[in-house]
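Here is the structure we will look at.
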Amino acid sequence: MKRSKLSVFLSDYLDRQPLFKDKLSLQSNYTPENIPHREEQIEELARILAPSLRMHKPSNVFIYGKSGTGKTCVSQYVVKEIFEACKKNKVSVNYYYLNCKLKKVADTEYRLIAQLARGFGQTVPATGLPTDEIYKLFIESVDNKKQLLILILDEIDQLVNKVGDGILYNLTRLNSELKNSQISIIGISNDLMFTDNLDPRVKSSLSEEELVFPPYNALQLQDILRERSRIAFAEGVIKEGVIEKCAAYAAREHGDARRALELLRVAGELTERSNVSEISIEYIDSAENKIEKDRVLDIIRTQPKQFQITLYSILKYNGNGKSIFTGDIYEDYLKMCGDVGLKPLTQRRVSDIVAELDMLGLINAKVISKGRYGRTRQISLAVPSMTLPKIKDILKEGLGL
DNA sequence: AGGTATTCACATGAAACTATTCTCTGAGTTAGG
DNA sequence: TAACTCAGAGAATAGTTTCATGTGAATACCTGT
């Protein structure tokens, strides 16, 4: 009697007290109305942006800080407040938030400007037009009335790394093209050294003001977690010490609040799934494992075939404890391409692929010199060995082996 | 022994190429008046 | 004659290839003692 079993399960599920009250508040895109331990930065940013209330162009701001230190959160919060205040006072201020890392949305100059133009009601094709045409469209749509525009560009370091700093130069120059409107830019960067290798002209005009967000320490993380968990979880489902442990884990990782919240959320999900009514410390460990495992498996699954073959070659060598070098991998890669029926890439490209796999954290690839015997990368796997069989399965499936 | 020069096996960079997707334009075609 | 179709030119973009140059240290080769 499968059916009754299932219905028992379902009604059981409904009878049980839910752990979560509002799970959304643990998701990374949630903006809380209260941001603990960032009062200073909020105040500073507000002070910088305040001239906009009088319709004066605020300075451009640059915000630095490691991931999960509340940069996005704070800037969105402050700008939104300013926007509301301006609306109340009938001051024509507008803002637009854009994450420059989003694939296919804002990760090139063309797409960034196109996305902005779209934000102001233009219909812009995804490709086909020259870039300066897009600039014209954007300027047109912004300049049709007198207004102040605050652009929040999140993770611009990624964009500039990819397409160069010309785009920032164009952006700062935009103001001279505008007759009625003015644009202020808030640039957000994870990379603390970002402006160091920037064109000095861009640097001086873009970072008129700078804000640094230090990482949270464990105690601050606890406050954040407690605050959120009050919204997210039902009363009393979190056992003693859970929050502290979450905070400690995340503090170890340069104080990333996002990680801490994710950890708590996944721990909650695991607890719920195993039919337990209280989140205990053990679940945090399994949550951490699960997050890491999911991340790795997901990355591997979504890689192109060429990457998968390369990784598979590395995997095959890994067992015997010998060090592996690019040359070995490439040889094996060629063979595998024959087996799978794919046209092999050049060694140049495979070398880049290995470097990218390293960036993704799937392998460790260190460039070493073997003296007389050349220079190469020393490669080893960087995934926990317990996930290896699963990875093999995914790769075999992806490659049709 | 100590110092310098070679040399290997790739790494790293830059530019050019390929293929795909998409717009715009203008010539040619069609249908209706 | 206005509306429509369709090919061709140009752009953006991602993924590669081609060509060129760089590089760290184990060895080979000197050199003077």
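How things are named: the first chain in the structure tokens is A, the next is B, and so on; residues count from 1 in each chain; ligands count from 1 in the order shown.
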
**Report entry** Check: which chain A residues lie within 10 Å of chain C using only C-alpha atoms (C1' of nucleotides), as a ChimeraX atom specification
**Finding:** /A:104,108,110-111,126-131,345-346,348-349,368-375

Counting only C-alpha atoms (C1' of nucleotides), give me one row per residue of chain B with an atom at most 8 Å from an atom of chain A, showing the shortest contact pair and its distance in Å to one decimal, sorted by chain then residue number, as a Markdown table.
```
| residue | atom | partner | partner_atom | distance |
| --- | --- | --- | --- | --- |
| B:DT7 | C1' | A:Arg372 | CA | 6.1 |
| B:DC8 | C1' | A:Gly374 | CA | 4.1 |
| B:DA9 | C1' | A:Gly374 | CA | 4.1 |
| B:DC10 | C1' | A:Thr376 | CA | 5.1 |
| B:DA11 | C1' | A:Thr376 | CA | 7.0 |
| B:DT21 | C1' | A:Thr127 | CA | 7.3 |
| B:DC22 | C1' | A:Gly128 | CA | 4.8 |
| B:DT23 | C1' | A:Gly128 | CA | 4.6 |
```

Would you mind exporting the chosen residues as a PDB file, in the first residue's frame, restricted to C-alpha atoms (C1' of nucleotides)?
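The resulting file, selection_6.pdb, is shown below:
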```pdb
ATOM      1  C1'  DT B   7      68.563  24.291 -21.716  1.00  0.00           C
ATOM      2  C1'  DC B   8      64.238  22.222 -20.999  1.00  0.00           C
ATOM      3  C1'  DA B   9      59.171  22.228 -20.996  1.00  0.00           C
ATOM      4  C1'  DC B  10      56.205  24.573 -20.566  1.00  0.00           C
ATOM      5  C1'  DA B  11      53.979  29.381 -18.925  1.00  0.00           C
ATOM      6  C1'  DT B  21      23.719  35.647 -33.120  1.00  0.00           C
ATOM      7  C1'  DC B  22      21.712  39.752 -34.165  1.00  0.00           C
ATOM      8  C1'  DT B  23      20.779  44.603 -36.537  1.00  0.00           C
TER       9       DT B  23
END
```

**Report entry** Secondary structure check, helix (DSSP H, G or I) residues of region 184-297 of chain A, as a PyMOL selection string
**Finding:** chain A and resi 194-197+200-206+218-232+242-252+257-273+281-297

Query raised in the report: Residues of region 184-232 of chain A in strand (DSSP E or B) according to DSSP, as JSON, numbers by chain?
Result: {"A": [184, 185, 186, 187, 188, 189, 209, 210, 211, 212, 213]}
